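Next comes input01.cif, a file with mmCIF, C-alpha atoms.
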data_model
#
loop_
_atom_site.group_PDB
_atom_site.id
_atom_site.type_symbol
_atom_site.label_atom_id
_atom_site.label_comp_id
_atom_site.auth_asym_id
_atom_site.auth_seq_id
_atom_site.Cartn_x
_atom_site.Cartn_y
_atom_site.Cartn_z
ATOM 1 C CA MET A 750 -22.962 51.405 97.314
ATOM 2 C CA PHE A 751 -19.865 49.182 97.319
ATOM 3 C CA LYS A 752 -17.657 49.901 100.310
ATOM 4 C CA PRO A 753 -14.253 48.451 101.204
ATOM 5 C CA GLY A 754 -15.393 46.606 104.324
ATOM 6 C CA PRO A 755 -13.625 43.777 106.143
ATOM 7 C CA TRP A 756 -12.455 42.087 102.930
ATOM 8 C CA TYR A 757 -10.385 45.109 101.909
ATOM 9 C CA ALA A 758 -9.172 45.678 105.463
ATOM 10 C CA ALA A 759 -7.746 42.138 105.533
ATOM 11 C CA LEU A 760 -5.743 42.551 102.300
ATOM 12 C CA ASN A 761 -2.026 43.193 102.244
ATOM 13 C CA LYS A 762 -1.453 46.797 101.229
ATOM 14 C CA PRO A 763 1.676 48.857 100.566
ATOM 15 C CA TRP A 764 3.063 51.046 103.335
ATOM 16 C CA TRP A 765 2.050 54.174 101.402
ATOM 17 C CA THR A 766 -1.681 53.369 101.442
ATOM 18 C CA PRO A 767 -3.517 56.495 102.626
ATOM 19 C CA PRO A 768 -5.634 56.336 105.770
ATOM 20 C CA ASP A 769 -9.271 55.331 105.207
ATOM 21 C CA TRP A 770 -10.639 58.785 106.098
ATOM 22 C CA LEU A 771 -8.778 60.395 103.163
ATOM 23 C CA PHE A 772 -10.712 58.543 100.443
ATOM 24 C CA PRO A 773 -14.181 60.071 101.037
ATOM 25 C CA VAL A 774 -12.637 63.528 101.462
ATOM 26 C CA ALA A 775 -10.660 63.244 98.221
ATOM 27 C CA TRP A 776 -13.584 61.779 96.287
ATOM 28 C CA THR A 777 -16.000 64.455 97.488
ATOM 29 C CA VAL A 778 -13.729 67.181 96.119
ATOM 30 C CA LEU A 779 -12.995 65.228 92.936
ATOM 31 C CA TYR A 780 -16.664 64.454 92.204
ATOM 32 C CA LEU A 781 -17.489 68.137 92.535
ATOM 33 C CA MET A 782 -14.717 68.991 90.074
ATOM 34 C CA ILE A 783 -15.810 66.174 87.732
ATOM 35 C CA ALA A 784 -19.402 67.462 87.750
ATOM 36 C CA ILE A 785 -18.356 71.038 87.041
ATOM 37 C CA ALA A 786 -15.997 69.910 84.273
ATOM 38 C CA GLY A 787 -18.746 67.868 82.624
ATOM 39 C CA TRP A 788 -21.172 70.768 82.811
ATOM 40 C CA LEU A 789 -18.598 73.171 81.330
ATOM 41 C CA ALA A 790 -17.830 70.754 78.491
ATOM 42 C CA TRP A 791 -21.536 70.248 77.806
ATOM 43 C CA ARG A 792 -22.200 73.979 77.868
ATOM 44 C CA ALA A 793 -19.342 74.622 75.443
ATOM 45 C CA GLY A 794 -19.956 71.793 72.975
ATOM 46 C CA GLY A 795 -23.187 69.975 73.745
ATOM 47 C CA ILE A 796 -23.141 66.223 73.652
ATOM 48 C CA GLY A 797 -19.940 65.952 71.688
ATOM 49 C CA PRO A 798 -16.763 63.903 72.100
ATOM 50 C CA ALA A 799 -15.724 65.513 75.407
ATOM 51 C CA VAL A 800 -19.074 64.853 77.083
ATOM 52 C CA ILE A 801 -19.244 61.308 75.714
ATOM 53 C CA ILE A 802 -15.755 60.595 77.063
ATOM 54 C CA TRP A 803 -16.793 62.203 80.359
ATOM 55 C CA GLY A 804 -19.769 59.814 80.544
ATOM 56 C CA VAL A 805 -17.630 56.780 79.740
ATOM 57 C CA GLY A 806 -15.306 57.848 82.548
ATOM 58 C CA LEU A 807 -18.210 57.986 84.999
ATOM 59 C CA ILE A 808 -19.237 54.463 84.035
ATOM 60 C CA LEU A 809 -15.679 53.172 84.442
ATOM 61 C CA ASN A 810 -15.394 54.961 87.796
ATOM 62 C CA ALA A 811 -18.565 53.300 89.107
ATOM 63 C CA LEU A 812 -17.558 49.939 87.627
ATOM 64 C CA TRP A 813 -14.250 50.017 89.509
ATOM 65 C CA SER A 814 -16.010 50.116 92.902
ATOM 66 C CA TYR A 815 -18.229 47.209 91.876
ATOM 67 C CA LEU A 816 -15.300 45.137 90.623
ATOM 68 C CA MET A 817 -13.014 45.870 93.560
ATOM 69 C CA PHE A 818 -15.398 45.942 96.508
ATOM 70 C CA GLY A 819 -18.488 44.186 95.151
ATOM 71 C CA ARG A 820 -16.846 41.282 93.302
ATOM 72 C CA HIS A 821 -13.471 41.389 95.113
ATOM 73 C CA ASP A 822 -11.756 41.092 91.733
ATOM 74 C CA ILE A 823 -8.538 43.079 92.137
ATOM 75 C CA GLY A 824 -7.199 42.133 88.691
ATOM 76 C CA LEU A 825 -10.334 43.139 86.790
ATOM 77 C CA ALA A 826 -10.475 46.359 88.816
ATOM 78 C CA LEU A 827 -6.901 47.044 87.682
ATOM 79 C CA ILE A 828 -7.915 46.644 84.030
ATOM 80 C CA ASP A 829 -10.891 48.929 84.628
ATOM 81 C CA ILE A 830 -8.787 51.648 86.260
ATOM 82 C CA ALA A 831 -6.409 51.550 83.291
ATOM 83 C CA GLY A 832 -9.425 52.325 81.104
ATOM 84 C CA LEU A 833 -10.464 55.061 83.531
ATOM 85 C CA TRP A 834 -7.000 56.600 83.286
ATOM 86 C CA ILE A 835 -7.268 56.611 79.480
ATOM 87 C CA ALA A 836 -10.763 58.134 79.613
ATOM 88 C CA THR A 837 -9.597 60.813 82.055
ATOM 89 C CA ALA A 838 -6.613 61.738 79.886
ATOM 90 C CA ALA A 839 -8.824 61.650 76.772
ATOM 91 C CA PHE A 840 -11.299 64.041 78.384
ATOM 92 C CA ILE A 841 -8.502 66.476 79.170
ATOM 93 C CA TRP A 842 -7.361 66.289 75.550
ATOM 94 C CA ALA A 843 -10.920 66.639 74.169
ATOM 95 C CA ALA A 844 -11.795 69.551 76.464
ATOM 96 C CA TRP A 845 -8.495 71.418 76.169
ATOM 97 C CA ASN A 846 -9.590 73.785 73.380
ATOM 98 C CA LEU A 847 -13.334 73.409 73.947
ATOM 99 C CA ALA A 848 -13.519 74.303 77.645
ATOM 100 C CA PRO A 849 -10.037 74.846 79.106
ATOM 101 C CA VAL A 850 -11.289 75.195 82.680
ATOM 102 C CA ALA A 851 -12.915 71.753 82.376
ATOM 103 C CA ALA A 852 -9.589 70.308 81.256
ATOM 104 C CA TYR A 853 -7.778 71.961 84.161
ATOM 105 C CA LEU A 854 -10.390 70.641 86.608
ATOM 106 C CA PHE A 855 -9.570 67.126 85.441
ATOM 107 C CA LEU A 856 -5.833 67.384 86.106
ATOM 108 C CA PRO A 857 -6.128 66.567 89.847
ATOM 109 C CA TYR A 858 -8.463 63.721 88.905
ATOM 110 C CA LEU A 859 -5.832 62.324 86.534
ATOM 111 C CA LEU A 860 -3.253 62.509 89.315
ATOM 112 C CA TRP A 861 -5.592 60.752 91.744
ATOM 113 C CA VAL A 862 -6.465 58.026 89.210
ATOM 114 C CA THR A 863 -2.739 57.540 88.567
ATOM 115 C CA PHE A 864 -2.146 57.134 92.299
ATOM 116 C CA ALA A 865 -5.188 54.866 92.680
ATOM 117 C CA ALA A 866 -4.003 52.706 89.779
ATOM 118 C CA ALA A 867 -0.589 52.319 91.409
ATOM 119 C CA LEU A 868 -2.282 51.386 94.680
ATOM 120 C CA ASN A 869 -4.592 48.941 92.880
ATOM 121 C CA PHE A 870 -1.555 47.362 91.203
ATOM 122 C CA GLU A 871 0.284 46.967 94.492
ATOM 123 C CA VAL A 872 -2.728 45.477 96.240
ATOM 124 C CA TRP A 873 -3.102 43.037 93.329
ATOM 125 C CA ARG A 874 0.618 42.194 93.457
ATOM 126 C CA LEU A 875 0.677 41.704 97.224
ATOM 127 C CA ASN A 876 -2.403 39.508 97.287
#
Mind converting the file's structure to structure tokens?
Amino acid sequence: MFKPGPWYAALNKPWWTPPDWLFPVAWTVLYLMIAIAGWLAWRAGGIGPAVIIWGVGLILNALWSYLMFGRHDIGLALIDIAGLWIATAAFIWAAWNLAPVAAYLFLPYLLWVTFAAALNFEVWRLN
């Protein structure tokens, strides 16, 4: 719903910003893994801590797009992505013994959120 658009294109970005086409490709794969991980955690433990954390992460993920591209608030988006990183790591921890495959499926997501947070920080710093 909230896309980068001309506002984002006009921002100063670090040299290591990926090309625009990479984001939808990466997110398509990640969302599939996120969905499977959530389903595995739910199947293994019902609506317990892992699934609640998973849901909080989805909310924070959606909120980031709104903050960054809807409101153009780079600083608030940075705070949000820090929360998303914590939720992602917390899901891995909560799912580790409950549904190990779910935890493993979240490892690339944690790496991507780490990268995205660094990119968000640099965009905030440069602008």
Inset, instruction - Give me the result of the PyMOL selection byres ((chain A and resi 820-835) around 8) on this file, residue by residue, as an MDAnalysis selection string. - result: chainID A and resid 756 806 809:810 812:819 836:839 859 862:863 866 869:870 872:873
Inset, instruction - Would you please work out which residue, of A:Ala793, A:Ile783, A:Ile801, A:Ile808, is nearest to Tyr853 (chain A) when using all atoms listed in the file? - result: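 Checking each of A:Ala793, A:Ile783, A:Ile801, A:Ile808 against Tyr853 (chain A), counting all atoms listed in the file, the winner is A:Ile783.
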Inset, instruction - Could you jot down the CA of Pro768 (chain A) to CA of Leu860 (chain A) separation for me, Å, one decimal place? - result: 17.7 Å
Inset, instruction - For the structure provided, state which residues fall under the PyMOL selection byres ((chain A and resi 775-781) around 9), and present them as a PyMOL selection string. - result: chain A and resi 771-774+782-786+854-855+857-858+861
Inset, instruction - Would you work out the distance separating CA of Trp842 (chain A) from CA of Glu871 (chain A), expressed in Å to one decimal? - result: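 Computed distance, CA of Trp842 (chain A) to CA of Glu871 (chain A), equals 28.1 Å.
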Inset, instruction - Quote the spacing between CA of Ala811 (chain A) and CA of Pro763 (chain A) in Å to one decimal place. - result: 23.7 Å
So what does the PyMOL selection byres ((chain A and resi 847) around 8) actually pick up in this one, as a compact mmCIF listing (two decimals) with C-alpha atoms, in the frame of the given file?
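Output contents, as saved in expr_34.txt:
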# COMPACT_ATOMS: atom_id res chain seq x y z
CA ALA A 790 -17.83 70.75 78.49
CA ALA A 793 -19.34 74.62 75.44
CA GLY A 794 -19.96 71.79 72.97
CA ALA A 843 -10.92 66.64 74.17
CA ALA A 844 -11.80 69.55 76.46
CA TRP A 845 -8.49 71.42 76.17
CA ASN A 846 -9.59 73.78 73.38
CA ALA A 848 -13.52 74.30 77.64
CA PRO A 849 -10.04 74.85 79.11
Write out as AutoDock Vina command-line options an axis-aligned box for region 816-829 of chain A: all of its atoms listed in the file, 8 Å added on each side, centre and edge lengths in Å with one decimal.
--center_x -12.7 --center_y 45.0 --center_z 90.3 --size_x 27.6 --size_y 23.8 --size_z 28.5
